[in-house]
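Trainee: mmCIF, N, CA and C atoms and all ligand atoms, file start38.cif:
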data_start
#
loop_
_atom_site.label_atom_id
_atom_site.label_comp_id
_atom_site.auth_asym_id
_atom_site.auth_seq_id
_atom_site.Cartn_x
_atom_site.Cartn_y
_atom_site.Cartn_z
N MET A 20 1.24 4.62 -12.99
CA MET A 20 0.93 5.97 -12.53
C MET A 20 -0.32 6.45 -13.27
N THR A 21 -1.35 6.77 -12.51
CA THR A 21 -2.60 7.22 -13.09
C THR A 21 -2.78 8.70 -12.77
N PRO A 22 -2.98 9.54 -13.81
CA PRO A 22 -3.24 10.95 -13.51
C PRO A 22 -4.61 11.10 -12.84
N VAL A 23 -4.65 11.82 -11.75
CA VAL A 23 -5.89 11.97 -10.99
C VAL A 23 -6.08 13.42 -10.53
N VAL A 24 -7.31 13.72 -10.19
CA VAL A 24 -7.60 14.90 -9.38
C VAL A 24 -8.07 14.38 -8.03
N ALA A 25 -7.44 14.88 -6.98
CA ALA A 25 -7.76 14.44 -5.62
C ALA A 25 -8.22 15.67 -4.85
N GLY A 26 -9.54 15.80 -4.69
CA GLY A 26 -10.05 17.04 -4.10
C GLY A 26 -9.73 18.19 -5.04
N LEU A 27 -8.90 19.14 -4.56
CA LEU A 27 -8.53 20.29 -5.38
C LEU A 27 -7.15 20.14 -5.99
N ILE A 28 -6.53 18.99 -5.81
CA ILE A 28 -5.12 18.83 -6.16
C ILE A 28 -4.96 17.93 -7.39
N LYS A 29 -4.07 18.38 -8.29
CA LYS A 29 -3.74 17.58 -9.47
C LYS A 29 -2.57 16.66 -9.10
N GLY A 30 -2.78 15.36 -9.28
CA GLY A 30 -1.72 14.46 -8.86
C GLY A 30 -1.63 13.22 -9.70
N HIS A 31 -0.80 12.30 -9.23
CA HIS A 31 -0.70 10.96 -9.82
C HIS A 31 -0.91 9.92 -8.73
N LEU A 32 -1.62 8.87 -9.11
CA LEU A 32 -1.84 7.74 -8.20
C LEU A 32 -0.83 6.66 -8.57
N LEU A 33 -0.04 6.25 -7.59
CA LEU A 33 1.02 5.26 -7.83
C LEU A 33 0.54 3.88 -7.39
N GLY A 34 0.77 2.90 -8.26
CA GLY A 34 0.55 1.53 -7.83
C GLY A 34 -0.26 0.72 -8.81
N PRO A 35 -0.30 -0.55 -8.64
CA PRO A 35 0.43 -1.29 -7.60
C PRO A 35 1.94 -1.35 -7.88
N LEU A 36 2.68 -1.47 -6.80
CA LEU A 36 4.14 -1.60 -6.87
C LEU A 36 4.50 -3.01 -6.43
N ALA A 37 5.28 -3.69 -7.23
CA ALA A 37 5.69 -5.04 -6.83
C ALA A 37 7.08 -5.34 -7.39
N VAL A 38 7.84 -6.05 -6.63
CA VAL A 38 9.18 -6.49 -7.03
C VAL A 38 9.19 -8.02 -6.95
N ARG A 39 9.70 -8.64 -7.99
CA ARG A 39 9.76 -10.11 -8.02
C ARG A 39 10.46 -10.60 -6.75
N PRO A 40 9.87 -11.61 -6.09
CA PRO A 40 10.41 -12.07 -4.81
C PRO A 40 11.91 -12.36 -4.84
N SER A 41 12.39 -12.92 -5.95
CA SER A 41 13.83 -13.25 -6.03
C SER A 41 14.70 -12.00 -6.06
N HIS A 42 14.10 -10.81 -6.29
CA HIS A 42 14.88 -9.57 -6.40
C HIS A 42 14.58 -8.58 -5.28
N LYS A 43 13.88 -9.04 -4.24
CA LYS A 43 13.54 -8.14 -3.14
C LYS A 43 14.76 -7.74 -2.33
N ASN A 44 14.60 -6.64 -1.61
CA ASN A 44 15.60 -6.15 -0.65
C ASN A 44 16.93 -5.77 -1.30
N ARG A 45 16.84 -5.31 -2.55
CA ARG A 45 18.04 -4.78 -3.22
C ARG A 45 17.87 -3.30 -3.53
N GLY A 46 16.81 -2.71 -3.00
CA GLY A 46 16.59 -1.28 -3.24
C GLY A 46 15.79 -0.99 -4.50
N ILE A 47 15.29 -2.03 -5.17
CA ILE A 47 14.58 -1.81 -6.44
C ILE A 47 13.25 -1.09 -6.19
N GLY A 48 12.49 -1.52 -5.18
CA GLY A 48 11.22 -0.87 -4.88
C GLY A 48 11.41 0.61 -4.58
N ARG A 49 12.39 0.89 -3.74
CA ARG A 49 12.69 2.29 -3.37
C ARG A 49 13.03 3.10 -4.62
N GLU A 50 13.84 2.54 -5.50
CA GLU A 50 14.27 3.25 -6.71
C GLU A 50 13.09 3.46 -7.66
N LEU A 51 12.21 2.45 -7.77
CA LEU A 51 11.02 2.62 -8.61
C LEU A 51 10.14 3.76 -8.09
N VAL A 52 10.00 3.85 -6.79
CA VAL A 52 9.20 4.94 -6.20
C VAL A 52 9.86 6.28 -6.51
N ARG A 53 11.18 6.34 -6.35
CA ARG A 53 11.89 7.61 -6.60
C ARG A 53 11.70 8.04 -8.06
N ILE A 54 11.86 7.10 -8.99
CA ILE A 54 11.70 7.42 -10.42
C ILE A 54 10.27 7.87 -10.71
N ALA A 55 9.30 7.19 -10.13
CA ALA A 55 7.89 7.52 -10.37
C ALA A 55 7.56 8.92 -9.84
N VAL A 56 8.05 9.23 -8.65
CA VAL A 56 7.77 10.54 -8.06
C VAL A 56 8.43 11.65 -8.89
N GLU A 57 9.66 11.42 -9.34
CA GLU A 57 10.34 12.44 -10.16
C GLU A 57 9.62 12.63 -11.50
N ALA A 58 9.14 11.53 -12.08
CA ALA A 58 8.41 11.63 -13.36
C ALA A 58 7.14 12.45 -13.17
N ALA A 59 6.44 12.22 -12.07
CA ALA A 59 5.22 12.99 -11.80
C ALA A 59 5.56 14.47 -11.63
N ARG A 60 6.64 14.74 -10.94
CA ARG A 60 7.06 16.14 -10.71
C ARG A 60 7.34 16.82 -12.05
N ARG A 61 8.04 16.11 -12.93
CA ARG A 61 8.35 16.67 -14.25
C ARG A 61 7.09 16.94 -15.06
N LYS A 62 6.06 16.17 -14.82
CA LYS A 62 4.79 16.36 -15.54
C LYS A 62 3.95 17.48 -14.93
N GLY A 63 4.45 18.13 -13.89
CA GLY A 63 3.70 19.22 -13.27
C GLY A 63 2.71 18.76 -12.22
N SER A 64 2.83 17.51 -11.80
CA SER A 64 1.94 16.99 -10.78
C SER A 64 2.16 17.72 -9.45
N GLU A 65 1.10 17.82 -8.68
CA GLU A 65 1.20 18.51 -7.39
C GLU A 65 1.37 17.54 -6.22
N CYS A 66 1.16 16.26 -6.49
CA CYS A 66 1.35 15.25 -5.44
C CYS A 66 1.35 13.86 -6.05
N VAL A 67 1.89 12.92 -5.30
CA VAL A 67 1.75 11.49 -5.65
C VAL A 67 1.05 10.82 -4.47
N ILE A 68 -0.02 10.11 -4.80
CA ILE A 68 -0.84 9.45 -3.79
C ILE A 68 -0.73 7.95 -3.97
N LEU A 69 -0.79 7.22 -2.90
CA LEU A 69 -0.94 5.77 -2.99
C LEU A 69 -1.61 5.23 -1.75
N VAL A 70 -2.03 3.98 -1.86
CA VAL A 70 -2.57 3.27 -0.70
C VAL A 70 -1.58 2.16 -0.40
N GLY A 71 -0.88 2.27 0.73
CA GLY A 71 0.17 1.30 1.01
C GLY A 71 0.59 1.31 2.46
N ASP A 72 1.61 0.53 2.74
CA ASP A 72 2.10 0.37 4.11
C ASP A 72 2.90 1.60 4.54
N PRO A 73 2.42 2.34 5.54
CA PRO A 73 3.17 3.51 5.99
C PRO A 73 4.63 3.21 6.38
N PRO A 74 4.93 2.09 7.05
CA PRO A 74 6.33 1.87 7.45
C PRO A 74 7.29 1.76 6.26
N TYR A 75 6.77 1.32 5.12
CA TYR A 75 7.63 1.25 3.94
C TYR A 75 7.73 2.62 3.26
N TYR A 76 6.59 3.31 3.12
CA TYR A 76 6.56 4.50 2.27
C TYR A 76 6.92 5.80 3.01
N GLN A 77 6.72 5.86 4.31
CA GLN A 77 7.03 7.14 4.98
C GLN A 77 8.51 7.52 4.87
N PRO A 78 9.44 6.57 4.98
CA PRO A 78 10.85 6.96 4.79
C PRO A 78 11.16 7.42 3.37
N LEU A 79 10.25 7.16 2.42
CA LEU A 79 10.46 7.57 1.03
C LEU A 79 9.78 8.90 0.73
N GLY A 80 9.30 9.59 1.77
CA GLY A 80 8.74 10.93 1.58
C GLY A 80 7.23 11.00 1.64
N PHE A 81 6.56 9.88 1.88
CA PHE A 81 5.10 9.89 1.94
C PHE A 81 4.61 10.27 3.33
N GLU A 82 3.49 10.99 3.35
CA GLU A 82 2.85 11.42 4.60
C GLU A 82 1.41 10.92 4.62
N LYS A 83 0.86 10.72 5.81
CA LYS A 83 -0.53 10.26 5.89
C LYS A 83 -1.48 11.38 5.47
N VAL A 84 -2.48 11.01 4.67
CA VAL A 84 -3.57 11.93 4.34
C VAL A 84 -4.57 11.87 5.50
N ALA A 85 -5.16 13.00 5.83
CA ALA A 85 -6.13 13.05 6.93
C ALA A 85 -7.18 11.95 6.76
N TYR A 86 -7.49 11.30 7.85
CA TYR A 86 -8.39 10.13 7.82
C TYR A 86 -9.73 10.49 7.17
N GLY A 87 -10.06 9.77 6.09
CA GLY A 87 -11.37 9.96 5.44
C GLY A 87 -11.49 11.19 4.58
N ALA A 88 -10.38 11.96 4.41
CA ALA A 88 -10.48 13.22 3.67
C ALA A 88 -10.77 12.98 2.19
N LEU A 89 -10.21 11.91 1.63
CA LEU A 89 -10.43 11.60 0.22
C LEU A 89 -11.41 10.45 0.08
N THR A 90 -12.30 10.56 -0.89
CA THR A 90 -13.27 9.50 -1.17
C THR A 90 -12.83 8.78 -2.43
N PHE A 91 -12.58 7.47 -2.31
CA PHE A 91 -12.15 6.66 -3.45
C PHE A 91 -13.35 5.97 -4.07
N PRO A 92 -13.22 5.53 -5.34
CA PRO A 92 -14.33 4.83 -5.99
C PRO A 92 -14.69 3.52 -5.28
N GLY A 93 -13.70 2.89 -4.65
CA GLY A 93 -13.94 1.65 -3.91
C GLY A 93 -13.50 1.82 -2.47
N PRO A 94 -13.68 0.76 -1.68
CA PRO A 94 -13.30 0.85 -0.26
C PRO A 94 -11.77 0.89 -0.09
N VAL A 95 -11.28 1.74 0.80
CA VAL A 95 -9.85 1.77 1.14
C VAL A 95 -9.71 1.86 2.66
N ASP A 96 -8.57 1.44 3.14
CA ASP A 96 -8.22 1.63 4.54
C ASP A 96 -7.61 3.02 4.66
N PHE A 97 -8.32 3.94 5.30
CA PHE A 97 -7.87 5.34 5.36
C PHE A 97 -6.55 5.50 6.12
N ASN A 98 -6.18 4.51 6.91
CA ASN A 98 -4.89 4.58 7.60
C ASN A 98 -3.72 4.37 6.64
N ARG A 99 -4.04 3.92 5.42
CA ARG A 99 -2.98 3.59 4.46
C ARG A 99 -2.95 4.54 3.26
N VAL A 100 -3.71 5.64 3.33
CA VAL A 100 -3.72 6.60 2.22
C VAL A 100 -2.60 7.62 2.47
N LEU A 101 -1.64 7.64 1.54
CA LEU A 101 -0.40 8.39 1.74
C LEU A 101 -0.16 9.34 0.56
N VAL A 102 0.62 10.39 0.81
CA VAL A 102 0.87 11.38 -0.24
C VAL A 102 2.29 11.94 -0.12
N VAL A 103 2.91 12.17 -1.29
CA VAL A 103 4.11 13.01 -1.36
C VAL A 103 3.65 14.38 -1.84
N PRO A 104 3.68 15.40 -0.96
CA PRO A 104 3.26 16.74 -1.39
C PRO A 104 4.36 17.39 -2.23
N MET A 105 3.96 18.06 -3.30
CA MET A 105 4.95 18.72 -4.17
C MET A 105 4.73 20.21 -4.28
N ILE A 106 3.67 20.69 -3.67
CA ILE A 106 3.45 22.14 -3.58
C ILE A 106 3.04 22.45 -2.14
N GLU A 107 2.99 23.74 -1.82
CA GLU A 107 2.56 24.15 -0.49
C GLU A 107 1.10 23.76 -0.26
N ASP A 108 0.76 23.48 0.98
CA ASP A 108 -0.64 23.30 1.39
C ASP A 108 -1.38 22.18 0.67
N VAL A 109 -0.66 21.14 0.25
CA VAL A 109 -1.33 20.02 -0.42
C VAL A 109 -2.40 19.40 0.48
N HIS A 110 -2.08 19.22 1.74
CA HIS A 110 -3.02 18.54 2.63
C HIS A 110 -4.36 19.29 2.71
N ALA A 111 -4.30 20.62 2.69
CA ALA A 111 -5.54 21.41 2.78
C ALA A 111 -6.44 21.15 1.58
N GLY A 112 -5.82 20.85 0.42
CA GLY A 112 -6.60 20.64 -0.80
C GLY A 112 -7.07 19.21 -1.00
N LEU A 113 -6.55 18.30 -0.20
CA LEU A 113 -6.90 16.88 -0.38
C LEU A 113 -8.19 16.55 0.37
N LYS A 114 -9.26 17.09 -0.14
CA LYS A 114 -10.58 16.86 0.48
C LYS A 114 -11.60 16.68 -0.63
N GLY A 115 -12.24 15.50 -0.67
CA GLY A 115 -13.26 15.24 -1.69
C GLY A 115 -12.96 13.96 -2.45
N ASP A 116 -13.50 13.91 -3.66
CA ASP A 116 -13.35 12.71 -4.48
C ASP A 116 -11.97 12.66 -5.12
N ILE A 117 -11.52 11.43 -5.39
CA ILE A 117 -10.36 11.23 -6.23
C ILE A 117 -10.85 10.55 -7.50
N HIS A 118 -10.48 11.13 -8.64
CA HIS A 118 -10.93 10.54 -9.90
C HIS A 118 -9.91 10.77 -11.01
N TRP A 119 -10.06 9.98 -12.05
CA TRP A 119 -9.15 10.01 -13.19
C TRP A 119 -9.25 11.37 -13.86
N ARG A 120 -8.11 11.85 -14.37
CA ARG A 120 -8.15 13.08 -15.18
C ARG A 120 -7.45 12.82 -16.50
N ALA A 121 -7.89 13.50 -17.54
CA ALA A 121 -7.31 13.31 -18.88
C ALA A 121 -5.96 14.00 -18.94
C1 LIG B 201 6.98 -3.80 -1.08
C2 LIG B 201 7.97 -4.15 -2.20
C3 LIG B 201 7.56 -3.45 -3.50
C4 LIG B 201 9.34 -3.64 -1.77
O1 LIG B 201 10.26 -3.86 -2.84
P1 LIG B 201 11.83 -4.11 -2.55
O2 LIG B 201 12.57 -3.88 -3.82
O3 LIG B 201 12.02 -5.41 -1.89
O4 LIG B 201 12.13 -2.93 -1.50
P2 LIG B 201 13.49 -2.22 -1.16
O5 LIG B 201 14.64 -3.11 -1.50
O6 LIG B 201 13.48 -0.86 -1.77
O7 LIG B 201 13.35 -2.02 0.40
C5 LIG B 201 13.49 -3.15 1.23
C6 LIG B 201 13.23 -2.73 2.68
O8 LIG B 201 11.82 -2.44 2.82
C7 LIG B 201 11.31 -3.26 3.86
N1 LIG B 201 9.91 -3.56 3.55
C8 LIG B 201 9.43 -4.29 2.54
N2 LIG B 201 8.08 -4.34 2.60
C9 LIG B 201 7.73 -3.62 3.68
C10 LIG B 201 6.49 -3.32 4.28
N3 LIG B 201 5.34 -3.74 3.77
N4 LIG B 201 6.50 -2.55 5.40
C11 LIG B 201 7.65 -2.10 5.92
N5 LIG B 201 8.87 -2.37 5.39
C12 LIG B 201 8.89 -3.14 4.29
C13 LIG B 201 12.20 -4.49 3.86
O9 LIG B 201 12.12 -5.16 5.09
C14 LIG B 201 13.55 -3.84 3.64
O10 LIG B 201 14.02 -3.27 4.85
P3 LIG B 201 15.59 -3.09 5.15
O11 LIG B 201 16.12 -2.18 4.06
O12 LIG B 201 15.61 -2.46 6.50
O13 LIG B 201 16.15 -4.47 5.06
C15 LIG B 201 8.07 -5.67 -2.40
O14 LIG B 201 8.37 -6.29 -1.16
C16 LIG B 201 6.81 -6.32 -2.97
O15 LIG B 201 6.68 -6.46 -4.19
N6 LIG B 201 5.89 -6.72 -2.09
C17 LIG B 201 4.64 -7.38 -2.51
C18 LIG B 201 3.70 -6.39 -3.12
C19 LIG B 201 3.40 -5.23 -2.20
O16 LIG B 201 3.19 -5.42 -1.00
N7 LIG B 201 3.44 -4.02 -2.80
C20 LIG B 201 3.25 -2.80 -2.05
C21 LIG B 201 1.82 -2.50 -1.81
S1 LIG B 201 1.70 -1.50 -0.36
#
Kindly transcribe the structure held in the file into structure tokens.
Mentor:
Amino acid sequence: MTPVVAGLIKGHLLGPLAVRPSHKNRGIGRELVRIAVEAARRKGSECVILVGDPPYYQPLGFEKVAYGALTFPGPVDFNRVLVVPMIEDVHAGLKGDIHWRA
């Protein structure tokens, strides 16, 4: 989990997430995401962002960020930029650069 500012929003960037192949499909990935999101919430984060597969993450509370709204330091597939909003109007604030915050 990397503390970031994404546009006007204070958040955490999650990832990479990986589960050892021998331990897949036991709910470990889902539980790791849940723990990470709760930890961010306790830290006062306003959102958790990641770049990942929507079919996996949307059932875990992630929503698509508007296409191209956030600018990353490297290339990303904008169809895979997802967010768990933790305050009102998060999507309106997710416009601009995403960068590390202290
Ligand atoms: C993605 C990953 C972290 C999931 O971990 P996991 O512990 O196996 O996941 P869970 O047990 O919580 O969930 C398993 C369910 O998610 C589904 N799933 C796994 N990867 C998926 C994906 N990319 N898209 C959609 N569904 C996916 C499984 O089919 C399974 O579905 P079911 O419950 O209907 O059988 C793991 O497969 C992994 O390490 N993959 C390689 C690295 C990777 O792709 N990381 C994510 C970057 S986006």
Trainee: Please return as a list in words: the residues of region 21-120 of chain A that backbone DSSP assigns to strand (DSSP E or B).
Mentor: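 Filtering region 21-120 of chain A down to strand (DSSP E or B) leaves Thr21, Pro22, Val23, Val24, Ala25, Ile28, Lys29, Gly30, His31, Leu32, Cys66, Val67, Ile68, Leu69, Val70, Glu82, Lys83, Leu89, Thr90, Val100, Leu101, Val102, Val103, Pro104, Gly115, Asp116, Ile117, His118 and Trp119 of chain A.
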Trainee: Kindly export the residues of the current selection with N, CA and C atoms, as a short mmCIF file (atom, residue, chain, number, x, y, z; two decimals), in the frame of the given file.
Mentor:
data_model
loop_
_atom_site.label_atom_id
_atom_site.label_comp_id
_atom_site.auth_asym_id
_atom_site.auth_seq_id
_atom_site.Cartn_x
_atom_site.Cartn_y
_atom_site.Cartn_z
N THR A 21 -1.35 6.77 -12.51
CA THR A 21 -2.60 7.22 -13.09
C THR A 21 -2.78 8.70 -12.77
N PRO A 22 -2.98 9.54 -13.81
CA PRO A 22 -3.24 10.95 -13.51
C PRO A 22 -4.61 11.10 -12.84
N VAL A 23 -4.65 11.82 -11.75
CA VAL A 23 -5.89 11.97 -10.99
C VAL A 23 -6.08 13.42 -10.53
N VAL A 24 -7.31 13.72 -10.19
CA VAL A 24 -7.60 14.90 -9.38
C VAL A 24 -8.07 14.38 -8.03
N ALA A 25 -7.44 14.88 -6.98
CA ALA A 25 -7.76 14.44 -5.62
C ALA A 25 -8.22 15.67 -4.85
N ILE A 28 -6.53 18.99 -5.81
CA ILE A 28 -5.12 18.83 -6.16
C ILE A 28 -4.96 17.93 -7.39
N LYS A 29 -4.07 18.38 -8.29
CA LYS A 29 -3.74 17.58 -9.47
C LYS A 29 -2.57 16.66 -9.10
N GLY A 30 -2.78 15.36 -9.28
CA GLY A 30 -1.72 14.46 -8.86
C GLY A 30 -1.63 13.22 -9.70
N HIS A 31 -0.80 12.30 -9.23
CA HIS A 31 -0.70 10.96 -9.82
C HIS A 31 -0.91 9.92 -8.73
N LEU A 32 -1.62 8.87 -9.11
CA LEU A 32 -1.84 7.74 -8.20
C LEU A 32 -0.83 6.66 -8.57
N CYS A 66 1.16 16.26 -6.49
CA CYS A 66 1.35 15.25 -5.44
C CYS A 66 1.35 13.86 -6.05
N VAL A 67 1.89 12.92 -5.30
CA VAL A 67 1.75 11.49 -5.65
C VAL A 67 1.05 10.82 -4.47
N ILE A 68 -0.02 10.11 -4.80
CA ILE A 68 -0.84 9.45 -3.79
C ILE A 68 -0.73 7.95 -3.97
N LEU A 69 -0.79 7.22 -2.90
CA LEU A 69 -0.94 5.77 -2.99
C LEU A 69 -1.61 5.23 -1.75
N VAL A 70 -2.03 3.98 -1.86
CA VAL A 70 -2.57 3.27 -0.70
C VAL A 70 -1.58 2.16 -0.40
N GLU A 82 3.49 10.99 3.35
CA GLU A 82 2.85 11.42 4.60
C GLU A 82 1.41 10.92 4.62
N LYS A 83 0.86 10.72 5.81
CA LYS A 83 -0.53 10.26 5.89
C LYS A 83 -1.48 11.38 5.47
N LEU A 89 -10.21 11.91 1.63
CA LEU A 89 -10.43 11.60 0.22
C LEU A 89 -11.41 10.45 0.08
N THR A 90 -12.30 10.56 -0.89
CA THR A 90 -13.27 9.50 -1.17
C THR A 90 -12.83 8.78 -2.43
N VAL A 100 -3.71 5.64 3.33
CA VAL A 100 -3.72 6.60 2.22
C VAL A 100 -2.60 7.62 2.47
N LEU A 101 -1.64 7.64 1.54
CA LEU A 101 -0.40 8.39 1.74
C LEU A 101 -0.16 9.34 0.56
N VAL A 102 0.62 10.39 0.81
CA VAL A 102 0.87 11.38 -0.24
C VAL A 102 2.29 11.94 -0.12
N VAL A 103 2.91 12.17 -1.29
CA VAL A 103 4.11 13.01 -1.36
C VAL A 103 3.65 14.38 -1.84
N PRO A 104 3.68 15.40 -0.96
CA PRO A 104 3.26 16.74 -1.39
C PRO A 104 4.36 17.39 -2.23
N GLY A 115 -12.24 15.50 -0.67
CA GLY A 115 -13.26 15.24 -1.69
C GLY A 115 -12.96 13.96 -2.45
N ASP A 116 -13.50 13.91 -3.66
CA ASP A 116 -13.35 12.71 -4.48
C ASP A 116 -11.97 12.66 -5.12
N ILE A 117 -11.52 11.43 -5.39
CA ILE A 117 -10.36 11.23 -6.23
C ILE A 117 -10.85 10.55 -7.50
N HIS A 118 -10.48 11.13 -8.64
CA HIS A 118 -10.93 10.54 -9.90
C HIS A 118 -9.91 10.77 -11.01
N TRP A 119 -10.06 9.98 -12.05
CA TRP A 119 -9.15 10.01 -13.19
C TRP A 119 -9.25 11.37 -13.86
#
Trainee: How far is it from CA of Val103 (chain A) to CA of Ile117 (chain A), in Å with one decimal?
Mentor: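 Taking CA of Val103 (chain A) as the start and CA of Ile117 (chain A) as the end point, the length is 15.4 Å.
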Trainee: Going by DSSP on the backbone, which bits of chain A are helix (DSSP H, G or I)? Write them as an mmCIF file with N, CA and C atoms, in the frame of the given file, please.
Mentor:
data_model
loop_
_atom_site.group_PDB
_atom_site.id
_atom_site.type_symbol
_atom_site.label_atom_id
_atom_site.label_comp_id
_atom_site.auth_asym_id
_atom_site.auth_seq_id
_atom_site.Cartn_x
_atom_site.Cartn_y
_atom_site.Cartn_z
ATOM 1 N N PRO A 40 9.870 -11.610 -6.090
ATOM 2 C CA PRO A 40 10.410 -12.070 -4.810
ATOM 3 C C PRO A 40 11.910 -12.360 -4.840
ATOM 4 N N SER A 41 12.390 -12.920 -5.950
ATOM 5 C CA SER A 41 13.830 -13.250 -6.030
ATOM 6 C C SER A 41 14.700 -12.000 -6.060
ATOM 7 N N HIS A 42 14.100 -10.810 -6.290
ATOM 8 C CA HIS A 42 14.880 -9.570 -6.400
ATOM 9 C C HIS A 42 14.580 -8.580 -5.280
ATOM 10 N N ILE A 47 15.290 -2.030 -5.170
ATOM 11 C CA ILE A 47 14.580 -1.810 -6.440
ATOM 12 C C ILE A 47 13.250 -1.090 -6.190
ATOM 13 N N GLY A 48 12.490 -1.520 -5.180
ATOM 14 C CA GLY A 48 11.220 -0.870 -4.880
ATOM 15 C C GLY A 48 11.410 0.610 -4.580
ATOM 16 N N ARG A 49 12.390 0.890 -3.740
ATOM 17 C CA ARG A 49 12.690 2.290 -3.370
ATOM 18 C C ARG A 49 13.030 3.100 -4.620
ATOM 19 N N GLU A 50 13.840 2.540 -5.500
ATOM 20 C CA GLU A 50 14.270 3.250 -6.710
ATOM 21 C C GLU A 50 13.090 3.460 -7.660
ATOM 22 N N LEU A 51 12.210 2.450 -7.770
ATOM 23 C CA LEU A 51 11.020 2.620 -8.610
ATOM 24 C C LEU A 51 10.140 3.760 -8.090
ATOM 25 N N VAL A 52 10.000 3.850 -6.790
ATOM 26 C CA VAL A 52 9.200 4.940 -6.200
ATOM 27 C C VAL A 52 9.860 6.280 -6.510
ATOM 28 N N ARG A 53 11.180 6.340 -6.350
ATOM 29 C CA ARG A 53 11.890 7.610 -6.600
ATOM 30 C C ARG A 53 11.700 8.040 -8.060
ATOM 31 N N ILE A 54 11.860 7.100 -8.990
ATOM 32 C CA ILE A 54 11.700 7.420 -10.420
ATOM 33 C C ILE A 54 10.270 7.870 -10.710
ATOM 34 N N ALA A 55 9.300 7.190 -10.130
ATOM 35 C CA ALA A 55 7.890 7.520 -10.370
ATOM 36 C C ALA A 55 7.560 8.920 -9.840
ATOM 37 N N VAL A 56 8.050 9.230 -8.650
ATOM 38 C CA VAL A 56 7.770 10.540 -8.060
ATOM 39 C C VAL A 56 8.430 11.650 -8.890
ATOM 40 N N GLU A 57 9.660 11.420 -9.340
ATOM 41 C CA GLU A 57 10.340 12.440 -10.160
ATOM 42 C C GLU A 57 9.620 12.630 -11.500
ATOM 43 N N ALA A 58 9.140 11.530 -12.080
ATOM 44 C CA ALA A 58 8.410 11.630 -13.360
ATOM 45 C C ALA A 58 7.140 12.450 -13.170
ATOM 46 N N ALA A 59 6.440 12.220 -12.070
ATOM 47 C CA ALA A 59 5.220 12.990 -11.800
ATOM 48 C C ALA A 59 5.560 14.470 -11.630
ATOM 49 N N ARG A 60 6.640 14.740 -10.940
ATOM 50 C CA ARG A 60 7.060 16.140 -10.710
ATOM 51 C C ARG A 60 7.340 16.820 -12.050
ATOM 52 N N ARG A 61 8.040 16.110 -12.930
ATOM 53 C CA ARG A 61 8.350 16.670 -14.250
ATOM 54 C C ARG A 61 7.090 16.940 -15.060
ATOM 55 N N PRO A 73 2.420 2.340 5.540
ATOM 56 C CA PRO A 73 3.170 3.510 5.990
ATOM 57 C C PRO A 73 4.630 3.210 6.380
ATOM 58 N N PRO A 74 4.930 2.090 7.050
ATOM 59 C CA PRO A 74 6.330 1.870 7.450
ATOM 60 C C PRO A 74 7.290 1.760 6.260
ATOM 61 N N TYR A 75 6.770 1.320 5.120
ATOM 62 C CA TYR A 75 7.630 1.250 3.940
ATOM 63 C C TYR A 75 7.730 2.620 3.260
ATOM 64 N N TYR A 76 6.590 3.310 3.120
ATOM 65 C CA TYR A 76 6.560 4.500 2.270
ATOM 66 C C TYR A 76 6.920 5.800 3.010
ATOM 67 N N GLN A 77 6.720 5.860 4.310
ATOM 68 C CA GLN A 77 7.030 7.140 4.980
ATOM 69 C C GLN A 77 8.510 7.520 4.870
ATOM 70 N N PRO A 78 9.440 6.570 4.980
ATOM 71 C CA PRO A 78 10.850 6.960 4.790
ATOM 72 C C PRO A 78 11.160 7.420 3.370
ATOM 73 N N LEU A 79 10.250 7.160 2.420
ATOM 74 C CA LEU A 79 10.460 7.570 1.030
ATOM 75 C C LEU A 79 9.780 8.900 0.730
ATOM 76 N N PHE A 97 -8.320 3.940 5.300
ATOM 77 C CA PHE A 97 -7.870 5.340 5.360
ATOM 78 C C PHE A 97 -6.550 5.500 6.120
ATOM 79 N N ASN A 98 -6.180 4.510 6.910
ATOM 80 C CA ASN A 98 -4.890 4.580 7.600
ATOM 81 C C ASN A 98 -3.720 4.370 6.640
ATOM 82 N N ARG A 99 -4.040 3.920 5.420
ATOM 83 C CA ARG A 99 -2.980 3.590 4.460
ATOM 84 C C ARG A 99 -2.950 4.540 3.260
ATOM 85 N N VAL A 109 -0.660 21.140 0.250
ATOM 86 C CA VAL A 109 -1.330 20.020 -0.420
ATOM 87 C C VAL A 109 -2.400 19.400 0.480
ATOM 88 N N HIS A 110 -2.080 19.220 1.740
ATOM 89 C CA HIS A 110 -3.020 18.540 2.630
ATOM 90 C C HIS A 110 -4.360 19.290 2.710
ATOM 91 N N ALA A 111 -4.300 20.620 2.690
ATOM 92 C CA ALA A 111 -5.540 21.410 2.780
ATOM 93 C C ALA A 111 -6.440 21.150 1.580
ATOM 94 N N GLY A 112 -5.820 20.850 0.420
ATOM 95 C CA GLY A 112 -6.600 20.640 -0.800
ATOM 96 C C GLY A 112 -7.070 19.210 -1.000
#
Trainee: Nearest to Arg99 (chain A) among A:Asp72, A:Glu50, A:Asp116, A:Glu57, with distances taken over all atoms listed in the file: which residue is it?
Mentor: A:Asp72
Trainee: Which distance in Å separates atom C of Gly80 (chain A) and atom C of Val56 (chain A), to one decimal?
Mentor: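 Between atom C of Gly80 (chain A) and atom C of Val56 (chain A) the gap is 10.6 Å.
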Trainee: Can you pull out the residues contacting Gly71 (chain A)? Cut-off 6.5 Å, using only N, CA and C atoms, and skip same-chain residues under 5 positions away; I want them as a compact mmCIF listing (two decimals) with N, CA and C atoms, keeping the file's coordinate frame.
Mentor:
# COMPACT_ATOMS: atom_id res chain seq x y z
N TYR A 76 6.59 3.31 3.12
CA TYR A 76 6.56 4.50 2.27
C TYR A 76 6.92 5.80 3.01
N ARG A 99 -4.04 3.92 5.42
CA ARG A 99 -2.98 3.59 4.46
C ARG A 99 -2.95 4.54 3.26
N VAL A 100 -3.71 5.64 3.33
CA VAL A 100 -3.72 6.60 2.22
C VAL A 100 -2.60 7.62 2.47
N LEU A 101 -1.64 7.64 1.54
CA LEU A 101 -0.40 8.39 1.74
C LEU A 101 -0.16 9.34 0.56
Trainee: Quick one: residues within 8 Å of ligand LIG 201 (chain B), with all atoms listed in the file, as a ChimeraX atom specification?
Mentor: /A:34-40,42-52,69-76
